[in-house]
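target33.tsv (TSV, C-alpha atoms)
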chain	number	residue	atom	x	y	z
A	1	MET	CA	-54.95	24.90	178.27
A	2	GLY	CA	-53.78	21.27	178.08
A	3	ARG	CA	-56.85	20.24	180.07
A	4	TYR	CA	-59.24	21.54	177.42
A	5	GLU	CA	-57.36	20.53	174.24
A	6	PRO	CA	-58.89	17.02	173.83
A	7	MET	CA	-62.39	18.42	174.36
A	8	VAL	CA	-61.83	21.15	171.74
A	9	PHE	CA	-60.53	18.64	169.17
A	10	ARG	CA	-63.27	16.03	169.68
A	11	MET	CA	-66.01	18.69	169.64
A	12	LEU	CA	-64.66	20.23	166.45
A	13	ALA	CA	-64.31	16.81	164.84
A	14	ARG	CA	-67.94	15.94	165.51
A	15	LEU	CA	-69.33	19.41	164.80
A	16	THR	CA	-67.55	19.86	161.48
A	17	GLY	CA	-67.51	16.17	160.52
A	18	GLN	CA	-63.88	16.37	159.47
A	19	ARG	CA	-60.55	15.11	160.78
A	20	GLU	CA	-58.24	17.15	158.56
A	21	GLY	CA	-57.55	20.81	159.24
A	22	LEU	CA	-58.79	20.56	162.80
A	23	GLU	CA	-55.63	22.12	164.19
A	24	ASP	CA	-56.30	25.46	162.48
A	25	LEU	CA	-59.81	25.53	163.92
A	26	ALA	CA	-58.57	24.53	167.38
A	27	GLN	CA	-55.95	27.30	167.25
A	28	GLU	CA	-58.69	29.76	166.36
A	29	VAL	CA	-60.67	28.58	169.41
A	30	PHE	CA	-57.80	29.20	171.82
A	31	LEU	CA	-56.91	32.54	170.24
A	32	ARG	CA	-60.53	33.68	170.57
A	33	LEU	CA	-60.54	32.49	174.17
A	34	TYR	CA	-57.36	34.43	174.85
A	35	ARG	CA	-58.75	37.61	173.29
A	36	ALA	CA	-62.01	37.25	175.21
A	37	LEU	CA	-60.46	36.48	178.60
A	38	PRO	CA	-60.04	40.13	179.69
A	39	HIS	CA	-63.82	40.51	179.25
A	40	PHE	CA	-64.58	37.26	181.08
A	41	ARG	CA	-66.39	38.22	184.28
A	42	GLY	CA	-66.49	34.78	185.83
A	43	MET	CA	-70.31	34.63	185.64
A	44	ALA	CA	-70.02	31.30	183.80
A	45	LYS	CA	-67.52	28.46	184.07
A	46	VAL	CA	-64.48	28.66	181.78
A	47	SER	CA	-65.58	25.37	180.20
A	48	THR	CA	-69.00	26.83	179.35
A	49	PHE	CA	-67.28	29.86	177.84
A	50	LEU	CA	-64.95	27.59	175.85
A	51	TYR	CA	-67.81	25.40	174.57
A	52	ARG	CA	-69.50	28.57	173.33
A	53	ILE	CA	-66.36	29.55	171.42
A	54	VAL	CA	-66.00	26.05	169.93
A	55	VAL	CA	-69.61	26.15	168.71
A	56	ASN	CA	-69.07	29.59	167.15
A	57	VAL	CA	-65.86	28.51	165.40
A	58	ALA	CA	-67.59	25.37	164.03
A	59	ASN	CA	-70.56	27.43	162.83
A	60	ASP	CA	-68.20	29.86	161.09
A	61	GLU	CA	-66.51	26.90	159.43
A	62	TRP	CA	-69.86	25.57	158.14
A	63	ARG	CA	-70.74	29.02	156.83
A	64	ARG	CA	-67.35	29.27	155.11
A	65	ARG	CA	-67.88	25.89	153.48
A	66	LEU	CA	-71.38	26.77	152.33
A	67	GLU	CA	-70.04	30.03	150.91
A	68	SER	CA	-67.31	28.24	148.95
A	69	GLN	CA	-69.93	25.73	147.77
A	70	ARG	CA	-72.04	28.62	146.47
A	71	LEU	CA	-69.12	30.25	144.67
A	72	VAL	CA	-67.64	27.16	143.08
A	73	PRO	CA	-69.67	24.98	140.69
A	74	ILE	CA	-70.47	21.69	142.40
A	75	ASP	CA	-68.20	18.89	141.30
A	76	ASP	CA	-66.75	15.92	143.11
A	77	GLU	CA	-63.75	17.93	144.24
A	78	ALA	CA	-65.89	20.68	145.76
A	79	LEU	CA	-68.06	18.11	147.49
A	80	ALA	CA	-65.01	16.43	148.93
A	81	ARG	CA	-63.93	19.75	150.40
A	82	VAL	CA	-67.30	20.29	152.06
A	83	HIS	CA	-67.71	16.70	153.25
A	84	PRO	CA	-64.12	15.46	153.41
A	85	VAL	CA	-63.72	11.70	153.21
A	86	PRO	CA	-62.09	10.38	156.40
A	87	ASP	CA	-58.79	8.56	156.01
A	88	PRO	CA	-59.08	4.79	155.21
A	89	GLU	CA	-57.47	3.73	158.47
A	90	HIS	CA	-60.06	5.68	160.39
A	91	LEU	CA	-62.87	4.18	158.31
A	92	LEU	CA	-61.66	0.67	159.00
A	93	GLN	CA	-61.78	1.23	162.74
A	94	ARG	CA	-65.41	2.28	162.72
A	95	SER	CA	-68.49	0.16	162.32
A	96	GLU	CA	-70.80	0.71	159.38
A	97	PHE	CA	-73.42	1.93	161.85
A	98	ARG	CA	-71.16	4.73	163.04
A	99	LYS	CA	-70.22	5.75	159.51
A	100	VAL	CA	-73.87	6.03	158.54
A	101	LEU	CA	-74.64	7.82	161.79
A	102	GLU	CA	-71.93	10.41	161.21
A	103	THR	CA	-73.18	11.06	157.68
A	104	ALA	CA	-76.72	11.44	159.04
A	105	MET	CA	-75.43	13.88	161.66
A	106	GLU	CA	-73.88	16.03	158.96
A	107	GLN	CA	-77.32	16.36	157.38
A	108	LEU	CA	-78.82	17.74	160.61
A	109	PRO	CA	-79.30	21.49	161.09
A	110	GLU	CA	-76.34	23.11	162.88
A	111	ARG	CA	-78.22	23.72	166.10
A	112	ASP	CA	-79.64	20.18	166.34
A	113	ARG	CA	-76.22	18.69	165.77
A	114	THR	CA	-74.62	20.95	168.37
A	115	ILE	CA	-77.20	20.12	171.04
A	116	LEU	CA	-76.94	16.41	170.31
A	117	ILE	CA	-73.15	16.45	170.66
A	118	LEU	CA	-73.20	18.54	173.82
A	119	TYR	CA	-75.76	16.23	175.41
A	120	TYR	CA	-74.43	12.81	174.43
A	121	GLN	CA	-70.73	13.13	173.68
A	122	GLU	CA	-69.90	15.88	176.16
A	123	GLU	CA	-72.47	14.78	178.73
A	124	ARG	CA	-73.58	18.35	179.44
A	125	SER	CA	-76.81	18.83	181.36
A	126	TYR	CA	-79.80	20.70	179.91
A	127	LYS	CA	-78.92	23.64	182.16
A	128	GLU	CA	-75.36	23.79	180.83
A	129	ILE	CA	-76.53	23.55	177.21
A	130	VAL	CA	-78.94	26.41	177.90
A	131	GLU	CA	-76.00	28.48	179.18
A	132	ILE	CA	-73.67	27.52	176.34
A	133	LEU	CA	-76.12	28.21	173.52
A	134	ASP	CA	-78.10	30.93	175.27
A	135	LEU	CA	-81.40	29.25	174.37
A	136	PRO	CA	-84.55	28.60	176.42
A	137	MET	CA	-84.76	25.19	178.08
A	138	GLY	CA	-87.84	24.21	176.04
A	139	THR	CA	-86.05	24.96	172.77
A	140	VAL	CA	-83.06	22.82	173.78
A	141	LYS	CA	-85.34	19.89	174.67
A	142	THR	CA	-87.32	20.25	171.44
A	143	HIS	CA	-84.18	20.34	169.28
A	144	LEU	CA	-82.71	17.36	171.10
A	145	PHE	CA	-85.88	15.31	170.63
A	146	ARG	CA	-86.17	16.30	166.97
A	147	ALA	CA	-82.52	15.53	166.24
A	148	ARG	CA	-82.78	12.12	167.91
A	149	GLU	CA	-85.92	11.29	165.93
A	150	ARG	CA	-84.27	12.29	162.65
A	151	LEU	CA	-81.25	10.13	163.38
A	152	LYS	CA	-83.46	7.23	164.37
A	153	THR	CA	-85.38	7.52	161.10
A	154	ALA	CA	-82.14	7.70	159.09
A	155	MET	CA	-80.73	4.65	160.87
A	156	LYS	CA	-83.99	2.68	160.40
A	157	GLU	CA	-83.92	3.43	156.67
A	158	TRP	CA	-80.32	2.28	156.50
A	159	LEU	CA	-81.09	-0.92	158.44
A	160	VAL	CA	-83.89	-1.76	156.02
A	161	THR	CA	-81.55	-1.45	153.02
A	162	CYS	CA	-78.80	-3.16	154.99
A	163	LYS	CA	-81.04	-6.20	155.61
A	164	THR	CA	-80.87	-6.99	151.93
A	165	LYS	CA	-77.23	-5.99	151.37
A	166	CYS	CA	-75.31	-6.67	154.61
B	167	MET	CA	-75.08	-19.01	156.98
B	168	GLN	CA	-78.27	-18.02	158.83
B	169	ASN	CA	-77.94	-15.15	161.34
B	170	GLU	CA	-78.63	-16.18	164.93
B	171	VAL	CA	-81.64	-14.51	166.55
B	172	LEU	CA	-80.58	-12.31	169.44
B	173	SER	CA	-82.50	-11.43	172.56
B	174	CYS	CA	-82.54	-7.77	173.65
B	175	GLY	CA	-80.10	-8.50	176.49
B	176	GLU	CA	-77.63	-10.22	174.17
B	177	ALA	CA	-78.03	-7.50	171.55
B	178	ARG	CA	-77.21	-4.77	174.08
B	179	ARG	CA	-74.14	-6.65	175.27
B	180	ARG	CA	-72.88	-6.79	171.69
B	181	ILE	CA	-73.46	-3.12	170.89
B	182	PRO	CA	-70.12	-1.79	172.23
B	183	GLU	CA	-68.00	-4.39	170.41
B	184	TYR	CA	-69.98	-3.86	167.20
B	185	LEU	CA	-69.40	-0.10	167.44
B	186	ARG	CA	-65.69	-0.74	167.90
B	187	GLY	CA	-65.69	-2.39	164.48
B	188	GLU	CA	-66.50	-6.06	165.16
B	189	PRO	CA	-68.89	-7.30	162.42
B	190	CYS	CA	-72.20	-8.57	163.78
B	191	PRO	CA	-74.96	-9.11	161.18
B	192	SER	CA	-77.30	-10.69	163.75
B	193	LEU	CA	-77.18	-7.49	165.79
B	194	LEU	CA	-78.14	-5.45	162.73
B	195	SER	CA	-81.12	-7.74	162.06
B	196	HIS	CA	-82.17	-7.30	165.68
B	197	LEU	CA	-81.81	-3.49	165.49
B	198	ALA	CA	-83.99	-3.44	162.39
B	199	ARG	CA	-86.78	-5.10	164.40
B	200	CYS	CA	-86.33	-3.61	167.87
B	201	GLU	CA	-86.70	0.16	168.29
B	202	ALA	CA	-85.57	0.18	171.94
B	203	CYS	CA	-82.28	-1.53	171.07
B	204	LEU	CA	-81.82	0.74	168.06
B	205	GLU	CA	-82.19	3.70	170.40
B	206	ALA	CA	-79.69	2.17	172.83
B	207	CYS	CA	-77.21	1.60	169.99
B	208	LEU	CA	-77.73	5.15	168.77
B	209	GLU	CA	-77.12	6.60	172.24
B	210	THR	CA	-74.00	4.50	172.76
B	211	ALA	CA	-72.62	5.58	169.38
B	212	LEU	CA	-73.38	9.24	170.12
B	213	ALA	CA	-71.77	9.04	173.54
B	214	THR	CA	-68.59	7.55	172.13
B	215	PRO	CA	-66.25	10.49	171.52
B	216	ALA	CA	-64.94	11.15	168.04
B	217	ALA	CA	-61.51	9.58	167.65
B	218	THR	CA	-59.16	12.53	167.54
B	219	LYS	CA	-55.64	13.17	168.70
B	220	VAL	CA	-54.15	16.47	169.78
B	221	PRO	CA	-51.18	17.02	167.41
B	222	GLU	CA	-47.76	17.17	169.02
B	223	GLY	CA	-46.53	20.69	169.72
B	224	PHE	CA	-50.04	22.14	169.39
B	225	GLN	CA	-49.81	24.09	172.63
B	226	GLU	CA	-46.46	25.64	171.64
B	227	ARG	CA	-47.86	26.70	168.28
B	228	VAL	CA	-50.86	28.39	169.91
B	229	LEU	CA	-48.70	30.10	172.53
B	230	GLY	CA	-46.40	31.27	169.74
B	231	GLN	CA	-49.29	33.18	168.24
B	232	LEU	CA	-50.45	34.83	171.45
B	233	PRO	CA	-47.99	37.76	171.73
B	234	VAL	CA	-49.10	38.88	168.27
B	235	ALA	CA	-52.69	39.05	169.46
B	236	ALA	CA	-51.62	40.82	172.67
B	237	SER	CA	-49.52	43.41	170.90
B	238	ALA	CA	-52.44	44.14	168.57
B	239	GLU	CA	-54.54	44.91	171.65
B	240	MET	CA	-51.78	47.10	173.09
B	241	ARG	CA	-51.48	48.91	169.75
B	242	ASN	CA	-55.22	49.66	169.90
B	243	CYS	CA	-54.79	50.99	173.42
B	244	VAL	CA	-51.87	53.22	172.41
B	245	TRP	CA	-53.76	54.56	169.41
B	246	THR	CA	-56.77	55.47	171.58
B	247	LEU	CA	-54.53	57.23	174.11
B	248	ALA	CA	-52.77	59.11	171.31
B	249	ALA	CA	-56.12	60.17	169.82
B	250	VAL	CA	-57.31	61.49	173.19
B	251	ALA	CA	-54.02	63.37	173.72
B	252	VAL	CA	-54.19	64.96	170.25
B	253	SER	CA	-57.80	66.07	170.75
B	254	PHE	CA	-56.91	67.65	174.13
B	255	ALA	CA	-53.95	69.45	172.53
B	256	ALA	CA	-56.14	70.72	169.68
B	257	LEU	CA	-58.73	72.03	172.14
B	258	ALA	CA	-56.03	73.78	174.19
B	259	LEU	CA	-54.52	75.37	171.05
B	260	ARG	CA	-57.89	76.56	169.87
B	261	LEU	CA	-58.64	78.15	173.26
B	262	TRP	CA	-55.16	79.68	173.41
B	263	TYR	CA	-55.18	81.23	169.94
B	264	GLY	CA	-58.79	82.34	170.24
B	265	GLY	CA	-57.89	84.12	173.45
B	266	GLU	CA	-60.75	82.21	175.11
B	267	ILE	CA	-58.45	80.37	177.48
B	268	PHE	CA	-58.36	83.40	179.78
B	269	VAL	CA	-62.14	83.70	179.72
B	270	PHE	CA	-62.40	80.00	180.51
B	271	ALA	CA	-59.78	80.25	183.30
B	272	ALA	CA	-61.54	83.25	184.83
B	273	ALA	CA	-64.85	81.39	184.79
B	274	VAL	CA	-63.26	78.38	186.43
B	275	ILE	CA	-61.55	80.48	189.13
B	276	GLN	CA	-64.82	82.20	189.92
B	277	ARG	CA	-66.64	78.86	190.22
B	278	PRO	CA	-64.52	76.31	192.14
B	279	ALA	CA	-67.29	73.73	191.71
B	280	ILE	CA	-66.52	73.52	187.97
B	281	LEU	CA	-62.83	73.04	188.77
B	282	ALA	CA	-63.62	70.29	191.29
B	283	ALA	CA	-65.99	68.52	188.87
B	284	SER	CA	-63.54	68.57	185.97
B	285	ALA	CA	-60.72	67.38	188.26
B	286	GLY	CA	-62.98	64.54	189.42
B	287	ILE	CA	-63.82	63.51	185.85
B	288	GLU	CA	-60.15	63.61	184.85
B	289	THR	CA	-59.21	61.46	187.85
B	290	VAL	CA	-61.87	58.86	187.03
B	291	LEU	CA	-60.74	58.76	183.39
B	292	ALA	CA	-57.09	58.41	184.42
B	293	LEU	CA	-57.96	55.57	186.83
B	294	LEU	CA	-59.97	53.79	184.13
B	295	TRP	CA	-57.06	53.98	181.70
B	296	LEU	CA	-54.66	52.78	184.38
B	297	TRP	CA	-56.95	49.81	185.16
B	298	ARG	CA	-57.22	48.89	181.46
B	299	ALA	CA	-53.45	49.09	181.03
B	300	LEU	CA	-52.93	46.85	184.09
B	301	GLU	CA	-55.50	44.32	182.78
B	302	ALA	CA	-53.76	44.24	179.39
B	303	ALA	CA	-50.37	43.75	181.04
B	304	ARG	CA	-51.77	41.00	183.29
B	305	SER	CA	-53.35	39.07	180.39
B	306	MET	CA	-50.12	39.41	178.43
B	307	SER	CA	-48.09	37.89	181.24
B	308	GLN	CA	-50.45	34.84	181.54

This structure in structure tokens:
Amino acid sequence: MGRYEPMVFRMLARLTGQREGLEDLAQEVFLRLYRALPHFRGMAKVSTFLYRIVVNVANDEWRRRLESQRLVPIDDEALARVHPVPDPEHLLQRSEFRKVLETAMEQLPERDRTILILYYQEERSYKEIVEILDLPMGTVKTHLFRARERLKTAMKEWLVTCKTKC
Amino acid sequence: MQNEVLSCGEARRRIPEYLRGEPCPSLLSHLARCEACLEACLETALATPAATKVPEGFQERVLGQLPVAASAEMRNCVWTLAAVAVSFAALALRLWYGGEIFVFAAAVIQRPAILAASAGIETVLALLWLWRALEAARSMSQ
């Protein structure tokens, strides 16, 4: 379990875009893994199986947030719950580029964001991403290309405004 | 102060330190002009893992929750077994009070193949239940 903990935390942090409340989500991941283990037939690697669970838990979290956004009238407080502001210390340690990038990533569709994180941060191959997300290879490649293009556009726009302000 | 003009090589060397938080306005001006370097910066930023820390005692807290999940599974198993036992008892009672049990027994005695088939099915069912119970016990001990 200890071997997979850092991966679960960093995946959840990137997928949900939050740093607070990650422990509850990570606990949910390991509990789901535990419940699913008796049905695990060893056809896939445990890590692949675990990535799948992490993605599902993160997707459930996004759905829960969207649901609470729909139920509660939008105000600053509700927005802060959906897109929590990272702690100041954490903000200081990151470059402006990374802050803008992370905000842009939160605007991506769930699937694009997941594929992007699996490919770049987790260094999973196309084949592994196909197994984790149960998608055709072509779809994975298309989503990855599209997500990268969207991020590039967002960063270009920011750099143009930054030229005048930074 | 005027920003220095960076070459692509210099810009790429500065990307990691900029992403770590070092201010570098000349790099940003370069990225605004050069798509290849922007892509390189983007890929480096994406490949850098999110800064997270596993909270102390996390593993203990998860393990503390596991027996609850396991006992819930065992409870399910016990309830299914109990339901099967009750339905068998109800069937036996119905046959007994309807007097059909003797008709059924006579039919079975006259046709040993029926007896053998039902014994076979019962054995398979018993083995399946035994295997499930062993699996549950094994996953609980892990």

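Distance annotation: of A:Asp134, A:Glu157, A:Glu102, A:Glu96, the residue with the minimal separation from Leu116 (chain A) is A:Glu102; atom set is only C-alpha atoms.
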
Dump as JSON lines the rows for residues of chain B within 10 Å of chain A: closest atom pair and distance in Å with one decimal, all atoms listed in the file counted, ordered by chain and rising residue number.
{"residue": "B:Glu183", "atom": "CA", "partner": "A:Ser95", "partner_atom": "CA", "distance": 9.3}
{"residue": "B:Tyr184", "atom": "CA", "partner": "A:Ser95", "partner_atom": "CA", "distance": 6.5}
{"residue": "B:Leu185", "atom": "CA", "partner": "A:Ser95", "partner_atom": "CA", "distance": 5.2}
{"residue": "B:Arg186", "atom": "CA", "partner": "A:Arg94", "partner_atom": "CA", "distance": 6.0}
{"residue": "B:Gly187", "atom": "CA", "partner": "A:Ser95", "partner_atom": "CA", "distance": 4.4}
{"residue": "B:Glu188", "atom": "CA", "partner": "A:Ser95", "partner_atom": "CA", "distance": 7.1}
{"residue": "B:Pro189", "atom": "CA", "partner": "A:Ser95", "partner_atom": "CA", "distance": 7.5}
{"residue": "B:Cys190", "atom": "CA", "partner": "A:Ser95", "partner_atom": "CA", "distance": 9.6}
{"residue": "B:Pro191", "atom": "CA", "partner": "A:Cys166", "partner_atom": "CA", "distance": 7.0}
{"residue": "B:Leu194", "atom": "CA", "partner": "A:Leu159", "partner_atom": "CA", "distance": 6.9}
{"residue": "B:Ser195", "atom": "CA", "partner": "A:Lys163", "partner_atom": "CA", "distance": 6.6}
{"residue": "B:His196", "atom": "CA", "partner": "A:Leu159", "partner_atom": "CA", "distance": 9.7}
{"residue": "B:Leu197", "atom": "CA", "partner": "A:Leu159", "partner_atom": "CA", "distance": 7.5}
{"residue": "B:Ala198", "atom": "CA", "partner": "A:Leu159", "partner_atom": "CA", "distance": 5.5}
{"residue": "B:Arg199", "atom": "CA", "partner": "A:Lys156", "partner_atom": "CA", "distance": 9.2}
{"residue": "B:Glu201", "atom": "CA", "partner": "A:Lys152", "partner_atom": "CA", "distance": 8.7}
{"residue": "B:Leu204", "atom": "CA", "partner": "A:Lys152", "partner_atom": "CA", "distance": 7.6}
{"residue": "B:Glu205", "atom": "CA", "partner": "A:Lys152", "partner_atom": "CA", "distance": 7.1}
{"residue": "B:Cys207", "atom": "CA", "partner": "A:Phe97", "partner_atom": "CA", "distance": 9.0}
{"residue": "B:Leu208", "atom": "CA", "partner": "A:Lys152", "partner_atom": "CA", "distance": 7.5}
{"residue": "B:Glu209", "atom": "CA", "partner": "A:Tyr120", "partner_atom": "CA", "distance": 7.1}
{"residue": "B:Thr210", "atom": "CA", "partner": "A:Tyr120", "partner_atom": "CA", "distance": 8.5}
{"residue": "B:Ala211", "atom": "CA", "partner": "A:Arg98", "partner_atom": "CA", "distance": 6.6}
{"residue": "B:Leu212", "atom": "CA", "partner": "A:Tyr120", "partner_atom": "CA", "distance": 5.7}
{"residue": "B:Ala213", "atom": "CA", "partner": "A:Gln121", "partner_atom": "CA", "distance": 4.2}
{"residue": "B:Thr214", "atom": "CA", "partner": "A:Gln121", "partner_atom": "CA", "distance": 6.2}
{"residue": "B:Pro215", "atom": "CA", "partner": "A:Gln121", "partner_atom": "CA", "distance": 5.6}
{"residue": "B:Ala216", "atom": "CA", "partner": "A:Arg10", "partner_atom": "CA", "distance": 5.4}
{"residue": "B:Ala217", "atom": "CA", "partner": "A:Arg10", "partner_atom": "CA", "distance": 7.0}
{"residue": "B:Thr218", "atom": "CA", "partner": "A:Arg10", "partner_atom": "CA", "distance": 5.8}
{"residue": "B:Lys219", "atom": "CA", "partner": "A:Pro6", "partner_atom": "CA", "distance": 7.2}
{"residue": "B:Val220", "atom": "CA", "partner": "A:Pro6", "partner_atom": "CA", "distance": 6.3}
{"residue": "B:Pro221", "atom": "CA", "partner": "A:Glu23", "partner_atom": "CA", "distance": 7.5}
{"residue": "B:Phe224", "atom": "CA", "partner": "A:Glu23", "partner_atom": "CA", "distance": 7.6}
{"residue": "B:Gln225", "atom": "CA", "partner": "A:Gly2", "partner_atom": "CA", "distance": 7.3}
{"residue": "B:Arg227", "atom": "CA", "partner": "A:Gln27", "partner_atom": "CA", "distance": 8.2}
{"residue": "B:Val228", "atom": "CA", "partner": "A:Gln27", "partner_atom": "CA", "distance": 5.8}
{"residue": "B:Leu229", "atom": "CA", "partner": "A:Leu31", "partner_atom": "CA", "distance": 8.9}
{"residue": "B:Gln231", "atom": "CA", "partner": "A:Leu31", "partner_atom": "CA", "distance": 7.9}
{"residue": "B:Leu232", "atom": "CA", "partner": "A:Leu31", "partner_atom": "CA", "distance": 7.0}
{"residue": "B:Ala235", "atom": "CA", "partner": "A:Arg35", "partner_atom": "CA", "distance": 7.3}
{"residue": "B:Ala236", "atom": "CA", "partner": "A:Arg35", "partner_atom": "CA", "distance": 7.8}
{"residue": "B:Glu239", "atom": "CA", "partner": "A:Arg35", "partner_atom": "CA", "distance": 8.6}
{"residue": "B:Arg298", "atom": "CA", "partner": "A:Pro38", "partner_atom": "CA", "distance": 9.4}
{"residue": "B:Glu301", "atom": "CA", "partner": "A:Pro38", "partner_atom": "CA", "distance": 6.9}
{"residue": "B:Ala302", "atom": "CA", "partner": "A:Pro38", "partner_atom": "CA", "distance": 7.5}
{"residue": "B:Arg304", "atom": "CA", "partner": "A:Pro38", "partner_atom": "CA", "distance": 9.1}
{"residue": "B:Ser305", "atom": "CA", "partner": "A:Pro38", "partner_atom": "CA", "distance": 6.8}
{"residue": "B:Met306", "atom": "CA", "partner": "A:Tyr34", "partner_atom": "CA", "distance": 9.5}
{"residue": "B:Gln308", "atom": "CA", "partner": "A:Tyr34", "partner_atom": "CA", "distance": 9.6}

- CA of Ala299 (chain B) to CA of Val54 (chain A): how many Å, to one decimal? 28.5 Å

- Would you mind reading off the distance between CA of Cys200 (chain B) and CA of Leu108 (chain A), one decimal, in Å?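 Those two atoms sit 23.8 Å apart.
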
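Counting from CA of Pro109 (chain A), the distance to CA of Ile181 (chain B) is 27.1 Å.
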
- Quick one: everything within 10 Å of Met137 (chain A), counting all atoms listed in the file, minus sequence neighbours fewer than 5 positions away in the same chain. Send it as a ChimeraX atom specification. /A:126-131,142

Enclosing box along x, y and z for every listed atom of region 100-103 of chain A, padded 4 Å each side, centre and size in Å, one decimal, as JSON:
{"center_x": -73.3, "center_y": 8.5, "center_z": 159.7, "size_x": 10.7, "size_y": 13.0, "size_z": 12.1}

Generate N, CA and C atoms for region 282-299 of chain B and emit them as a PDB file, in the frame of the given file.
ATOM      1  N   ALA B 282     -63.587  71.565 190.544  1.00  0.00           N
ATOM      2  CA  ALA B 282     -63.620  70.290 191.290  1.00  0.00           C
ATOM      3  C   ALA B 282     -64.240  69.189 190.429  1.00  0.00           C
ATOM      4  N   ALA B 283     -65.315  69.527 189.708  1.00  0.00           N
ATOM      5  CA  ALA B 283     -65.990  68.520 188.870  1.00  0.00           C
ATOM      6  C   ALA B 283     -65.079  68.035 187.760  1.00  0.00           C
ATOM      7  N   SER B 284     -64.407  68.994 187.095  1.00  0.00           N
ATOM      8  CA  SER B 284     -63.540  68.570 185.970  1.00  0.00           C
ATOM      9  C   SER B 284     -62.351  67.766 186.491  1.00  0.00           C
ATOM     10  N   ALA B 285     -61.830  68.157 187.680  1.00  0.00           N
ATOM     11  CA  ALA B 285     -60.720  67.380 188.260  1.00  0.00           C
ATOM     12  C   ALA B 285     -61.185  65.960 188.582  1.00  0.00           C
ATOM     13  N   GLY B 286     -62.420  65.861 189.098  1.00  0.00           N
ATOM     14  CA  GLY B 286     -62.980  64.540 189.420  1.00  0.00           C
ATOM     15  C   GLY B 286     -63.109  63.669 188.180  1.00  0.00           C
ATOM     16  N   ILE B 287     -63.649  64.263 187.105  1.00  0.00           N
ATOM     17  CA  ILE B 287     -63.820  63.510 185.850  1.00  0.00           C
ATOM     18  C   ILE B 287     -62.471  63.044 185.315  1.00  0.00           C
ATOM     19  N   GLU B 288     -61.500  63.965 185.338  1.00  0.00           N
ATOM     20  CA  GLU B 288     -60.150  63.610 184.850  1.00  0.00           C
ATOM     21  C   GLU B 288     -59.566  62.457 185.660  1.00  0.00           C
ATOM     22  N   THR B 289     -59.757  62.514 186.987  1.00  0.00           N
ATOM     23  CA  THR B 289     -59.210  61.460 187.850  1.00  0.00           C
ATOM     24  C   THR B 289     -59.838  60.108 187.525  1.00  0.00           C
ATOM     25  N   VAL B 290     -61.183  60.119 187.350  1.00  0.00           N
ATOM     26  CA  VAL B 290     -61.870  58.860 187.030  1.00  0.00           C
ATOM     27  C   VAL B 290     -61.356  58.301 185.706  1.00  0.00           C
ATOM     28  N   LEU B 291     -61.230  59.197 184.701  1.00  0.00           N
ATOM     29  CA  LEU B 291     -60.740  58.760 183.390  1.00  0.00           C
ATOM     30  C   LEU B 291     -59.327  58.183 183.497  1.00  0.00           C
ATOM     31  N   ALA B 292     -58.481  58.873 184.261  1.00  0.00           N
ATOM     32  CA  ALA B 292     -57.090  58.410 184.420  1.00  0.00           C
ATOM     33  C   ALA B 292     -57.065  57.035 185.096  1.00  0.00           C
ATOM     34  N   LEU B 293     -57.913  56.859 186.123  1.00  0.00           N
ATOM     35  CA  LEU B 293     -57.960  55.570 186.830  1.00  0.00           C
ATOM     36  C   LEU B 293     -58.446  54.459 185.900  1.00  0.00           C
ATOM     37  N   LEU B 294     -59.454  54.791 185.081  1.00  0.00           N
ATOM     38  CA  LEU B 294     -59.970  53.790 184.130  1.00  0.00           C
ATOM     39  C   LEU B 294     -58.885  53.348 183.156  1.00  0.00           C
ATOM     40  N   TRP B 295     -58.144  54.318 182.645  1.00  0.00           N
ATOM     41  CA  TRP B 295     -57.060  53.980 181.700  1.00  0.00           C
ATOM     42  C   TRP B 295     -55.984  53.144 182.377  1.00  0.00           C
ATOM     43  N   LEU B 296     -55.677  53.515 183.623  1.00  0.00           N
ATOM     44  CA  LEU B 296     -54.660  52.780 184.380  1.00  0.00           C
ATOM     45  C   LEU B 296     -55.106  51.327 184.574  1.00  0.00           C
ATOM     46  N   TRP B 297     -56.407  51.153 184.924  1.00  0.00           N
ATOM     47  CA  TRP B 297     -56.950  49.810 185.160  1.00  0.00           C
ATOM     48  C   TRP B 297     -56.892  48.977 183.881  1.00  0.00           C
ATOM     49  N   ARG B 298     -57.252  49.613 182.753  1.00  0.00           N
ATOM     50  CA  ARG B 298     -57.220  48.890 181.460  1.00  0.00           C
ATOM     51  C   ARG B 298     -55.788  48.460 181.112  1.00  0.00           C
ATOM     52  N   ALA B 299     -54.846  49.396 181.345  1.00  0.00           N
ATOM     53  CA  ALA B 299     -53.450  49.090 181.030  1.00  0.00           C
ATOM     54  C   ALA B 299     -52.953  47.915 181.881  1.00  0.00           C
TER      55      ALA B 299
END
